[in-house]
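This is final-v9.csv. It holds CSV, C-alpha atoms.
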chain,number,residue,atom,x,y,z
A,26,MET,CA,-17.5,-12.4,14.3
A,27,LEU,CA,-16.0,-15.6,15.7
A,28,PRO,CA,-18.1,-16.6,18.8
A,29,GLU,CA,-16.4,-15.6,22.0
A,30,ARG,CA,-16.6,-19.2,23.3
A,31,VAL,CA,-14.8,-20.5,20.3
A,32,GLU,CA,-12.0,-17.9,20.7
A,33,LYS,CA,-11.6,-18.8,24.4
A,34,ARG,CA,-11.7,-22.5,23.6
A,35,SER,CA,-9.0,-21.9,21.0
A,36,LEU,CA,-6.8,-20.1,23.5
A,37,ARG,CA,-7.2,-22.9,26.1
A,38,ARG,CA,-6.3,-25.6,23.6
A,39,GLY,CA,-3.3,-23.5,22.5
A,40,ALA,CA,-2.0,-23.1,26.1
A,41,ARG,CA,-2.4,-26.8,26.8
A,42,ALA,CA,-0.5,-27.8,23.6
A,43,ALA,CA,2.2,-25.2,24.4
A,44,MET,CA,2.8,-26.8,27.9
A,45,LEU,CA,3.2,-30.2,26.3
A,46,ALA,CA,5.6,-28.8,23.8
A,47,GLY,CA,7.6,-26.9,26.4
A,48,MET,CA,7.5,-23.7,24.4
A,49,PRO,CA,5.2,-20.6,24.8
A,50,LYS,CA,2.5,-20.8,22.1
A,51,GLY,CA,2.4,-17.1,21.6
A,52,SER,CA,6.1,-16.8,20.7
A,53,GLU,CA,5.9,-19.8,18.2
A,54,ASP,CA,2.8,-18.3,16.6
A,55,GLU,CA,4.4,-14.9,16.2
A,56,ARG,CA,7.5,-16.5,14.7
A,57,TRP,CA,5.6,-18.3,12.0
A,58,MET,CA,3.2,-15.4,11.4
A,59,ARG,CA,6.1,-13.1,10.7
A,60,ARG,CA,7.4,-15.6,8.2
A,61,ALA,CA,3.9,-15.4,6.5
A,62,LEU,CA,4.1,-11.6,6.5
A,63,ARG,CA,7.5,-11.7,4.8
A,64,LEU,CA,6.0,-13.9,2.1
A,65,ALA,CA,3.1,-11.5,1.8
A,66,ARG,CA,5.5,-8.7,1.0
A,67,ARG,CA,6.6,-10.5,-2.1
A,68,GLY,CA,3.3,-9.6,-3.6
A,69,ILE,CA,3.8,-5.8,-3.2
A,70,GLY,CA,3.4,-4.3,-6.6
A,71,THR,CA,1.7,-7.3,-8.2
A,72,THR,CA,-1.5,-8.3,-6.3
A,73,HIS,CA,-3.8,-5.3,-6.5
A,74,PRO,CA,-6.7,-5.1,-6.4
A,75,ASN,CA,-6.3,-8.3,-4.3
A,76,PRO,CA,-4.6,-8.2,-0.9
A,77,ARG,CA,-1.1,-9.2,-0.1
A,78,VAL,CA,-1.1,-12.6,1.6
A,79,GLY,CA,1.4,-15.1,2.7
A,80,CYS,CA,0.8,-18.6,4.2
A,81,VAL,CA,3.0,-21.0,6.1
A,82,ILE,CA,2.1,-24.6,7.1
A,83,VAL,CA,3.8,-26.1,10.1
A,84,LYS,CA,3.7,-29.5,11.7
A,85,GLY,CA,5.5,-30.6,14.8
A,86,GLY,CA,7.3,-27.3,14.9
A,87,GLU,CA,8.8,-27.9,11.4
A,88,LEU,CA,8.0,-26.0,8.2
A,89,VAL,CA,6.0,-28.2,5.8
A,90,ALA,CA,5.3,-25.7,3.0
A,91,GLU,CA,4.7,-22.0,2.2
A,92,GLY,CA,3.2,-19.8,-0.5
A,93,TRP,CA,2.0,-16.4,-1.3
A,94,HIS,CA,-0.5,-14.7,-3.6
A,95,GLU,CA,1.4,-13.5,-6.6
A,96,ARG,CA,-1.2,-11.9,-8.9
A,97,PRO,CA,-4.9,-11.5,-9.5
A,98,GLY,CA,-6.4,-14.7,-10.9
A,99,GLY,CA,-3.5,-16.8,-9.5
A,100,LEU,CA,-3.5,-19.2,-6.6
A,101,HIS,CA,-4.3,-17.6,-3.2
A,102,ALA,CA,-1.5,-18.0,-0.7
A,103,GLU,CA,-3.3,-20.8,1.2
A,104,ALA,CA,-4.0,-22.8,-2.0
A,105,ALA,CA,-0.4,-22.4,-3.1
A,106,ALA,CA,1.0,-23.6,0.2
A,107,LEU,CA,-1.5,-26.5,0.5
A,108,ALA,CA,-0.6,-27.7,-3.1
A,109,LYS,CA,3.0,-28.0,-2.0
A,110,ALA,CA,2.2,-29.7,1.3
A,111,GLY,CA,0.0,-32.4,-0.1
A,112,GLU,CA,-0.8,-35.1,2.5
A,113,ARG,CA,1.7,-33.6,4.9
A,114,ALA,CA,-0.9,-30.9,5.6
A,115,ARG,CA,-3.2,-33.3,7.5
A,116,GLY,CA,-3.2,-32.3,11.2
A,117,ALA,CA,-0.9,-29.3,10.6
A,118,THR,CA,-1.2,-25.7,11.6
A,119,LEU,CA,-1.7,-23.1,8.9
A,120,TYR,CA,-0.6,-19.5,9.4
A,121,VAL,CA,-2.0,-16.7,7.2
A,122,ASN,CA,-1.9,-12.9,7.6
A,123,LEU,CA,-5.4,-12.4,6.3
A,124,GLU,CA,-8.6,-14.3,7.0
A,125,PRO,CA,-9.1,-17.1,4.4
A,126,CYS,CA,-11.8,-16.3,1.9
A,127,ALA,CA,-15.2,-18.0,2.3
A,128,ALA,CA,-16.7,-17.2,-1.1
A,129,HIS,CA,-15.9,-18.0,-4.7
A,130,GLY,CA,-14.2,-15.3,-6.6
A,131,ARG,CA,-11.7,-15.9,-9.5
A,132,THR,CA,-10.7,-19.0,-7.5
A,133,PRO,CA,-12.5,-21.3,-5.2
A,134,PRO,CA,-12.8,-20.5,-1.5
A,135,CYS,CA,-9.7,-21.1,0.5
A,136,THR,CA,-11.8,-22.5,3.4
A,137,GLU,CA,-12.7,-25.4,1.2
A,138,ALA,CA,-9.1,-26.2,0.4
A,139,ILE,CA,-8.2,-26.0,4.1
A,140,LEU,CA,-10.9,-28.3,5.2
A,141,ARG,CA,-10.2,-30.8,2.3
A,142,ALA,CA,-6.5,-30.9,3.3
A,143,GLY,CA,-7.3,-31.8,6.9
A,144,ILE,CA,-5.6,-28.8,8.6
A,145,ALA,CA,-6.2,-28.9,12.3
A,146,ARG,CA,-5.5,-25.4,13.4
A,147,VAL,CA,-5.5,-22.0,11.6
A,148,VAL,CA,-3.8,-18.9,12.9
A,149,ILE,CA,-5.0,-15.6,11.3
A,150,GLY,CA,-3.3,-12.2,11.5
A,151,CYS,CA,-6.4,-10.1,10.9
A,152,ARG,CA,-9.9,-10.2,9.5
A,153,ASP,CA,-10.7,-9.7,5.9
A,154,PRO,CA,-12.7,-6.4,5.6
A,155,ASN,CA,-14.2,-7.4,2.3
A,156,PRO,CA,-17.9,-8.3,3.0
A,157,LYS,CA,-17.9,-10.5,-0.1
A,158,MET,CA,-15.1,-12.7,1.1
A,159,GLN,CA,-15.1,-12.5,4.9
A,160,GLY,CA,-16.5,-15.2,7.3
A,161,GLY,CA,-13.8,-17.8,6.7
A,162,ALA,CA,-12.9,-18.0,10.4
A,163,GLU,CA,-16.5,-18.9,11.2
A,164,VAL,CA,-16.7,-21.5,8.5
A,165,LEU,CA,-13.5,-23.2,9.7
A,166,ALA,CA,-14.5,-23.0,13.4
A,167,GLN,CA,-17.9,-24.5,12.7
A,168,ALA,CA,-16.2,-27.4,10.9
A,169,GLY,CA,-14.1,-28.2,13.9
A,170,VAL,CA,-10.9,-26.5,13.0
A,171,GLU,CA,-9.2,-24.7,15.9
A,172,VAL,CA,-9.0,-21.0,14.9
A,173,GLU,CA,-7.1,-18.1,16.5
A,174,ILE,CA,-7.3,-14.5,15.3
A,175,GLY,CA,-5.1,-11.5,16.0
A,176,VAL,CA,-1.5,-12.8,16.0
A,177,CYS,CA,0.7,-9.9,14.8
A,178,ALA,CA,-2.5,-8.1,14.0
A,179,HIS,CA,-1.0,-4.6,13.6
A,180,GLU,CA,1.6,-5.8,11.2
A,181,ALA,CA,-1.0,-7.8,9.3
A,182,GLU,CA,-3.2,-4.8,8.9
A,183,ARG,CA,-0.3,-2.5,8.0
A,184,ILE,CA,0.9,-4.6,5.0
A,185,ASN,CA,-2.6,-4.4,3.5
A,186,ARG,CA,-3.4,-0.7,4.2
A,187,PRO,CA,-4.1,0.0,0.5
A,188,PHE,CA,-6.5,-2.9,0.3
A,189,PHE,CA,-8.2,-1.9,3.5
A,190,ARG,CA,-8.6,1.7,2.4
A,191,TRP,CA,-10.0,0.6,-1.0
A,192,VAL,CA,-12.6,-1.7,0.6
A,193,LYS,CA,-13.7,0.7,3.4
A,194,MET,CA,-13.6,4.0,1.5
A,195,GLY,CA,-13.4,3.2,-2.2
A,196,ARG,CA,-10.2,5.1,-2.9
A,197,PRO,CA,-6.5,4.3,-3.0
A,198,TRP,CA,-3.9,4.7,-0.2
A,199,VAL,CA,-2.3,8.0,-0.8
A,200,LEU,CA,1.4,8.4,0.0
A,201,VAL,CA,2.9,11.9,-0.5
A,202,LYS,CA,6.7,11.8,-1.2
A,203,ALA,CA,8.6,15.1,-1.1
A,204,ALA,CA,12.2,16.2,-1.0
A,205,ALA,CA,12.6,19.5,0.9
A,206,SER,CA,15.1,21.7,2.5
A,207,LEU,CA,15.3,21.9,6.3
A,208,ASP,CA,13.0,25.0,6.2
A,209,GLY,CA,10.4,23.1,4.3
A,210,ARG,CA,11.0,24.4,0.7
A,211,LEU,CA,10.5,22.2,-2.3
A,212,ALA,CA,12.5,24.5,-4.6
A,213,THR,CA,14.1,27.9,-4.8
A,214,ARG,CA,12.1,31.0,-5.7
A,215,THR,CA,13.1,30.4,-9.3
A,216,GLY,CA,11.8,26.9,-9.2
A,217,GLU,CA,15.1,25.0,-9.1
A,218,SER,CA,14.8,21.8,-7.2
A,219,ARG,CA,17.1,19.3,-8.9
A,220,TRP,CA,18.8,17.9,-6.8
A,221,ILE,CA,17.9,18.9,-3.3
A,222,THR,CA,18.7,15.4,-1.9
A,223,GLY,CA,21.6,13.1,-2.5
A,224,GLU,CA,22.0,9.8,-4.4
A,225,ARG,CA,21.0,7.5,-1.6
A,226,ALA,CA,17.8,9.4,-0.9
A,227,ARG,CA,16.9,9.4,-4.6
A,228,ALA,CA,17.6,5.6,-4.8
A,229,TYR,CA,15.2,5.1,-1.9
A,230,ALA,CA,12.6,7.2,-3.6
A,231,HIS,CA,12.8,4.8,-6.6
A,232,ARG,CA,12.2,1.9,-4.3
A,233,LEU,CA,9.0,3.6,-3.1
A,234,ARG,CA,8.0,4.2,-6.8
A,235,ALA,CA,8.5,0.5,-7.5
A,236,GLU,CA,5.7,-0.4,-4.9
A,237,GLN,CA,3.1,1.9,-6.4
A,238,ASP,CA,0.3,1.4,-8.8
A,239,ALA,CA,0.4,5.1,-10.0
A,240,ILE,CA,2.6,8.2,-9.5
A,241,LEU,CA,0.8,11.6,-9.4
A,242,ILE,CA,2.0,15.1,-10.1
A,243,GLY,CA,0.4,18.4,-10.7
A,244,ALA,CA,0.7,20.4,-14.0
A,245,GLY,CA,3.0,22.9,-12.2
A,246,THR,CA,5.5,20.1,-11.4
A,247,LEU,CA,5.3,18.8,-14.9
A,248,GLN,CA,6.3,22.2,-16.3
A,249,ALA,CA,8.9,23.1,-13.7
A,250,ASP,CA,10.7,19.7,-13.4
A,251,ASN,CA,9.7,17.7,-16.6
A,252,PRO,CA,10.1,14.4,-14.6
A,253,ARG,CA,10.1,10.9,-16.2
A,254,LEU,CA,8.2,9.3,-13.3
A,255,THR,CA,9.7,5.9,-14.0
A,256,VAL,CA,11.3,3.3,-11.7
A,257,ARG,CA,15.1,3.3,-12.3
A,258,GLY,CA,18.0,1.6,-10.6
A,259,VAL,CA,15.9,-0.8,-8.5
A,260,ARG,CA,14.0,-4.0,-9.3
A,261,ARG,CA,10.4,-3.4,-10.3
A,262,ARG,CA,8.1,-5.9,-8.7
A,263,GLY,CA,5.3,-5.6,-11.3
A,264,PRO,CA,4.3,-3.5,-14.3
A,265,PRO,CA,5.5,0.1,-14.4
A,266,PRO,CA,3.3,2.4,-12.4
A,267,LEU,CA,0.8,4.6,-14.3
A,268,ARG,CA,2.2,8.1,-14.7
A,269,VAL,CA,-0.5,10.7,-13.8
A,270,VAL,CA,-0.7,14.4,-14.3
A,271,VAL,CA,-3.6,16.2,-12.6
A,272,ALA,CA,-4.6,19.7,-14.0
A,273,GLU,CA,-7.4,22.1,-13.9
A,274,GLU,CA,-6.9,22.4,-17.7
A,275,ALA,CA,-4.4,20.6,-19.9
A,276,PRO,CA,-1.1,22.5,-20.3
A,277,PRO,CA,0.2,23.1,-23.8
A,278,PHE,CA,1.6,19.8,-25.1
A,279,SER,CA,5.4,19.7,-25.7
A,280,ALA,CA,7.3,16.8,-27.4
A,281,GLU,CA,10.0,17.6,-24.8
A,282,TRP,CA,7.9,16.3,-21.9
A,283,ALA,CA,9.6,13.2,-20.6
A,284,ILE,CA,6.3,11.5,-19.7
A,285,ALA,CA,5.3,11.6,-23.4
A,286,ASN,CA,7.6,8.7,-24.1
A,287,GLN,CA,6.6,5.0,-24.1
A,288,GLU,CA,8.5,3.9,-21.0
A,289,ALA,CA,5.3,3.7,-19.0
A,290,PRO,CA,1.6,4.3,-19.5
A,291,THR,CA,0.6,8.0,-19.0
A,292,ARG,CA,-2.7,9.7,-18.2
A,293,LEU,CA,-3.8,13.3,-17.9
A,294,TYR,CA,-6.8,14.1,-15.7
A,295,VAL,CA,-8.4,17.5,-16.5
A,296,MET,CA,-11.1,19.3,-14.6
A,297,ARG,CA,-12.0,21.4,-17.6
A,298,PRO,CA,-11.7,19.9,-21.1
A,299,SER,CA,-10.1,22.1,-23.8
A,300,ALA,CA,-8.8,22.0,-27.3
A,301,LYS,CA,-5.4,21.3,-25.9
A,302,ASP,CA,-6.5,17.8,-24.9
A,303,GLU,CA,-6.3,16.5,-28.5
A,304,ALA,CA,-2.5,17.2,-28.7
A,305,TRP,CA,-2.0,15.0,-25.6
A,306,ARG,CA,-4.2,12.3,-27.1
A,307,GLY,CA,-2.3,12.5,-30.3
A,308,ALA,CA,0.9,11.8,-28.5
A,309,GLY,CA,-0.6,8.6,-27.0
A,310,VAL,CA,-1.5,10.1,-23.6
A,311,GLU,CA,-4.9,9.1,-22.2
A,312,VAL,CA,-6.9,12.2,-21.2
A,313,VAL,CA,-9.7,11.7,-18.7
A,314,ASN,CA,-12.2,14.3,-17.5
A,315,ALA,CA,-12.6,14.4,-13.7
A,316,GLU,CA,-14.7,16.7,-11.6
A,317,ASP,CA,-12.1,17.0,-8.8
A,318,ILE,CA,-9.4,15.2,-7.0
A,319,HIS,CA,-11.9,12.9,-5.3
A,320,ALA,CA,-13.1,11.7,-8.7
A,321,VAL,CA,-9.5,11.2,-9.8
A,322,LEU,CA,-8.8,8.9,-6.8
A,323,ALA,CA,-12.1,7.1,-7.3
A,324,HIS,CA,-11.3,6.4,-10.9
A,325,LEU,CA,-7.9,5.0,-10.1
A,326,ALA,CA,-9.5,2.7,-7.4
A,327,GLU,CA,-12.1,1.4,-9.9
A,328,GLU,CA,-9.2,0.2,-12.0
A,329,GLY,CA,-7.6,-1.6,-9.1
A,330,ARG,CA,-4.9,0.9,-8.5
A,331,LEU,CA,-4.8,0.9,-4.7
A,332,ALA,CA,-1.4,2.4,-3.9
A,333,VAL,CA,-0.6,5.8,-5.4
A,334,MET,CA,2.3,8.2,-4.6
A,335,VAL,CA,2.0,11.9,-5.1
A,336,GLU,CA,5.3,13.6,-6.0
A,337,GLY,CA,4.2,17.2,-6.1
A,338,GLY,CA,3.9,20.0,-6.3
A,339,GLY,CA,2.8,22.1,-3.4
A,340,GLY,CA,-0.6,22.9,-5.0
A,341,LEU,CA,-1.6,19.3,-5.4
A,342,ILE,CA,-0.2,18.3,-2.0
A,343,GLY,CA,-2.1,21.2,-0.3
A,344,ALA,CA,-5.4,20.3,-2.1
A,345,LEU,CA,-5.0,16.7,-0.9
A,346,LEU,CA,-4.2,17.6,2.7
A,347,ARG,CA,-7.1,20.1,2.9
A,348,ALA,CA,-9.4,17.3,1.6
A,349,GLN,CA,-7.9,14.9,4.2
A,350,LEU,CA,-6.9,12.5,1.5
A,351,VAL,CA,-3.3,12.0,2.3
A,352,ASP,CA,-2.7,8.8,4.3
A,353,GLU,CA,1.0,8.8,4.6
A,354,LEU,CA,4.0,11.2,4.2
A,355,ALA,CA,7.6,10.3,3.2
A,356,LEU,CA,9.6,13.5,3.6
A,357,PHE,CA,13.2,13.6,2.5
A,358,LEU,CA,15.0,16.4,4.3
A,359,ALA,CA,18.2,17.8,2.9
A,360,PRO,CA,20.8,19.7,4.9
A,361,ILE,CA,20.2,22.9,3.0
A,362,LEU,CA,18.3,26.2,3.8
A,363,ILE,CA,16.5,27.8,0.8
A,364,GLY,CA,14.8,30.7,2.5
A,365,GLY,CA,11.3,32.3,2.7
A,366,ASP,CA,10.8,32.9,-1.0
A,367,GLY,CA,11.3,29.3,-1.9
A,368,VAL,CA,8.4,27.0,-3.0
A,369,PRO,CA,6.6,25.7,0.2
A,370,LEU,CA,5.7,22.0,0.8
A,371,TRP,CA,2.1,23.0,1.1
A,372,ARG,CA,0.5,25.7,-1.1
A,373,GLY,CA,-2.7,27.4,-0.3
A,374,GLU,CA,-4.6,28.0,3.0
A,375,GLY,CA,-3.2,26.1,5.9
A,376,ALA,CA,-4.1,25.7,9.6
A,377,SER,CA,-5.0,28.9,11.5
A,378,HIS,CA,-4.0,27.3,14.8
A,379,LEU,CA,-2.1,24.2,15.9
A,380,GLY,CA,-5.3,22.3,16.7
A,381,GLU,CA,-6.2,22.3,13.1
A,382,ALA,CA,-2.9,21.1,11.8
A,383,PRO,CA,-2.5,17.5,10.6
A,384,ARG,CA,0.1,15.5,12.5
A,385,LEU,CA,2.3,12.5,11.8
A,386,VAL,CA,1.8,9.4,13.9
A,387,GLU,CA,3.8,6.1,13.8
A,388,VAL,CA,6.7,8.2,12.8
A,389,THR,CA,10.0,6.6,11.7
A,390,THR,CA,13.3,8.2,10.7
A,391,ARG,CA,16.1,7.0,8.6
A,392,SER,CA,19.5,8.5,7.6
A,393,LEU,CA,20.2,8.3,3.9
A,394,GLY,CA,23.7,9.7,3.5
A,395,SER,CA,23.5,13.4,4.6
A,396,ASP,CA,19.7,13.4,4.1
A,397,LEU,CA,17.0,12.3,6.6
A,398,LEU,CA,13.8,10.4,5.7
A,399,VAL,CA,10.9,11.2,8.0
A,400,ARG,CA,7.9,8.9,7.4
A,401,GLY,CA,4.6,8.5,9.2
A,402,LEU,CA,0.8,8.3,8.9
A,403,VAL,CA,-1.1,11.5,8.6
A,404,ALA,CA,-3.6,12.1,11.4
A,405,TYR,CA,-6.2,14.8,11.0
A,406,PRO,CA,-7.9,16.8,13.8
A,407,ASN,CA,-10.9,14.9,15.3
A,408,GLU,CA,-9.9,11.7,13.4
A,409,SER,CA,-9.4,8.5,15.3
A,410,ARG,CA,-6.9,5.9,14.1
As structure tokens, the full file:
Amino acid sequence: MLPERVEKRSLRRGARAAMLAGMPKGSEDERWMRRALRLARRGIGTTHPNPRVGCVIVKGGELVAEGWHERPGGLHAEAAALAKAGERARGATLYVNLEPCAAHGRTPPCTEAILRAGIARVVIGCRDPNPKMQGGAEVLAQAGVEVEIGVCAHEAERINRPFFRWVKMGRPWVLVKAAASLDGRLATRTGESRWITGERARAYAHRLRAEQDAILIGAGTLQADNPRLTVRGVRRRGPPPLRVVVAEEAPPFSAEWAIANQEAPTRLYVMRPSAKDEAWRGAGVEVVNAEDIHAVLAHLAEEGRLAVMVEGGGGLIGALLRAQLVDELALFLAPILIGGDGVPLWRGEGASHLGEAPRLVEVTTRSLGSDLLVRGLVAYPNESR
């Protein structure tokens, strides 16, 4: 970690400079860091397995240059901004939402570029959790650069939750998206579910799809809904998300399945191989054997797919919740009551008392026409966030 005396010295210098400038340093730092975070968002859907990073270079209170990481193998945000700044970077302040890398990966360390450019001060949103790349703050501080860490830290960590989950736990960030009635039913007792929500809610769901590396469903949802699982009606940031079906055993193949087309890559994970697998392979669908849902997520993470969205059904959602693998829930509630025989949001054994029930934290709500989006992080009993 950055030595405490260095952090305190950084704060003292910052306060002195702020008095001279007649403006609170904290508010200025937050202003520019939020600009860096907006730039980082441009990389959603294109940077994985790399993090989403934006960078802003400021001198005398004026913007000098900015940049963001666009894709793996491309310039890091700091290098992109410094290349635009040129000599104007000397003596300037650099804002970046993630600690600059200190090791050589596909590109040289950003710390080298920062020192070579003569940057005087670096303001960092949050630490890099990757042990192979972290330590940039120390490198810069030891070289005489003023370093400050933790400006807009929560926002900086939030934008890279998939990357943090991958580094710390070796699996993707799992977002469950579901459309349900007010009484928590995904479909009627006959399986009818199209369309529970209205057009605005469905359009928003496509925006969520556009940010994902993979879209997962269970075999039951495939057979009941025959979904396409493609991004439609909104701008896709990167390549189409991988369409994934998870099944105990491959269902009989049908040429009518919408996911059997070539609109996007498709994969079938099966826990038990069978002769039916060959029909899927013959249609151009990749079939992968996986021991369980943990293995499915690990395999996706190994490929650099760090953000996945689960779209049903209740059996797959229930299995993920029981295994405490759901990180976030986006629930679209429609003003309709289906009744007790309808398909529940969560199939299988649930909590026996309220103390065992997962809860949502950091909850936000949004009206989408007559529907309501409830979104939040999933907190499990005895789990600290």
Please report as JSON lines every residue of region 141-173 of chain A lying within 12 Å of region 73-90 of chain A, along with the nearest atom pair and their distance in Å (one decimal), using only C-alpha atoms.
{"residue": "A:Ala142", "atom": "CA", "partner": "A:Ile82", "partner_atom": "CA", "distance": 11.3}
{"residue": "A:Gly143", "atom": "CA", "partner": "A:Ile82", "partner_atom": "CA", "distance": 11.8}
{"residue": "A:Ile144", "atom": "CA", "partner": "A:Ile82", "partner_atom": "CA", "distance": 8.9}
{"residue": "A:Ala145", "atom": "CA", "partner": "A:Lys84", "partner_atom": "CA", "distance": 9.9}
{"residue": "A:Arg146", "atom": "CA", "partner": "A:Val83", "partner_atom": "CA", "distance": 9.9}
{"residue": "A:Val147", "atom": "CA", "partner": "A:Ile82", "partner_atom": "CA", "distance": 9.2}
{"residue": "A:Val148", "atom": "CA", "partner": "A:Val81", "partner_atom": "CA", "distance": 9.8}
{"residue": "A:Ile149", "atom": "CA", "partner": "A:Cys80", "partner_atom": "CA", "distance": 9.6}
{"residue": "A:Gly150", "atom": "CA", "partner": "A:Val78", "partner_atom": "CA", "distance": 10.1}
{"residue": "A:Cys151", "atom": "CA", "partner": "A:Val78", "partner_atom": "CA", "distance": 11.0}
{"residue": "A:Arg152", "atom": "CA", "partner": "A:Pro76", "partner_atom": "CA", "distance": 11.8}
{"residue": "A:Asp153", "atom": "CA", "partner": "A:Pro76", "partner_atom": "CA", "distance": 9.3}
{"residue": "A:Pro154", "atom": "CA", "partner": "A:Pro76", "partner_atom": "CA", "distance": 10.5}
{"residue": "A:Asn155", "atom": "CA", "partner": "A:Pro76", "partner_atom": "CA", "distance": 10.2}
{"residue": "A:Met158", "atom": "CA", "partner": "A:Asn75", "partner_atom": "CA", "distance": 11.2}
Produce a table with one row for each residue of region 163-193 of chain A that has an atom at most 12 Å from any atom of region 111-116 of chain A, each row naming the nearest atom pair and its distance in Å at one decimal; use only C-alpha atoms; arrange rows by chain and rising residue number; format as a tab-separated table.
residue	atom	partner	partner_atom	distance
A:Gly169	CA	A:Gly116	CA	12.0
A:Val170	CA	A:Gly116	CA	9.8
A:Glu171	CA	A:Gly116	CA	10.8
Quiz item: Quick one: distance from CA of Thr389 (chain A) to CA of Lys202 (chain A) in Å, one decimal?
Solution: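 Rounded to one decimal, the two atoms are 14.3 Å apart.
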Self-check item: Residue with smallest distance to Trp198 (chain A) - pool A:Gly329, A:Gly380, A:Gly365, A:Gly338, counting all atoms listed in the file
Solution: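 Distance minimum relative to Trp198 (chain A) lands on A:Gly329.
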Self-check item: Nearest to Arg268 (chain A) by atom-to-atom distance, counting only C-alpha atoms, from A:Ala320, A:Met334, A:Ile69, A:Leu207
Solution: A:Met334
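Here CA of Gly51 (chain A) and CA of Glu124 (chain A) stand 18.5 Å from one another.
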Practice problem: Quick one: pull the distance between CA of Pro369 (chain A) and CA of Glu273 (chain A), Å, one decimal. | Solution: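 CA of Glu273 (chain A) lies 20.2 Å from CA of Pro369 (chain A).
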Quiz item: When distances are computed from all atoms listed in the file, which of A:Ala117, A:Ala382, A:Ala275, A:Ile361 shows the smallest separation from Asp302 (chain A)?
Solution: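 For Asp302 (chain A), the nearest of the given residues is A:Ala275.
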Exercise. Between A:Asn122, A:Thr222, A:Asn314, A:Asn407, single out the one closest to Val176 (chain A), counting all atoms listed in the file.
Key: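 Of all the options, A:Asn122 lies closest to Val176 (chain A).
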Exercise. Would you mind listing what lies within 8 Å of Gly394 (chain A) as a list in words, with all atoms listed in the file counted and same-chain residues fewer than 2 positions away left out?
Key: Gly223, Arg225, Ala226, Ser392, Asp396 and Leu397 of chain A
Exercise. Find the spatial neighbours of Asn286 (chain A), counting all atoms listed in the file, within a cut-off of 12 Å - ignore same-chain residues fewer than 5 positions away - and output them as a ChimeraX atom specification.
Key: /A:251-255,268,279-281,291-292,305,308-310
Kindly export the residues of the current selection with C-alpha atoms, as a PDB file, in the coordinates of the input.
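And here's selection_6.pdb as it stands now:
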ATOM      1  CA  ASN A 251       9.700  17.700 -16.600  1.00  0.00           C
ATOM      2  CA  PRO A 252      10.100  14.400 -14.600  1.00  0.00           C
ATOM      3  CA  ARG A 253      10.100  10.900 -16.200  1.00  0.00           C
ATOM      4  CA  LEU A 254       8.200   9.300 -13.300  1.00  0.00           C
ATOM      5  CA  THR A 255       9.700   5.900 -14.000  1.00  0.00           C
ATOM      6  CA  ARG A 268       2.200   8.100 -14.700  1.00  0.00           C
ATOM      7  CA  SER A 279       5.400  19.700 -25.700  1.00  0.00           C
ATOM      8  CA  ALA A 280       7.300  16.800 -27.400  1.00  0.00           C
ATOM      9  CA  GLU A 281      10.000  17.600 -24.800  1.00  0.00           C
ATOM     10  CA  THR A 291       0.600   8.000 -19.000  1.00  0.00           C
ATOM     11  CA  ARG A 292      -2.700   9.700 -18.200  1.00  0.00           C
ATOM     12  CA  TRP A 305      -2.000  15.000 -25.600  1.00  0.00           C
ATOM     13  CA  ALA A 308       0.900  11.800 -28.500  1.00  0.00           C
ATOM     14  CA  GLY A 309      -0.600   8.600 -27.000  1.00  0.00           C
ATOM     15  CA  VAL A 310      -1.500  10.100 -23.600  1.00  0.00           C
TER      16      VAL A 310
END
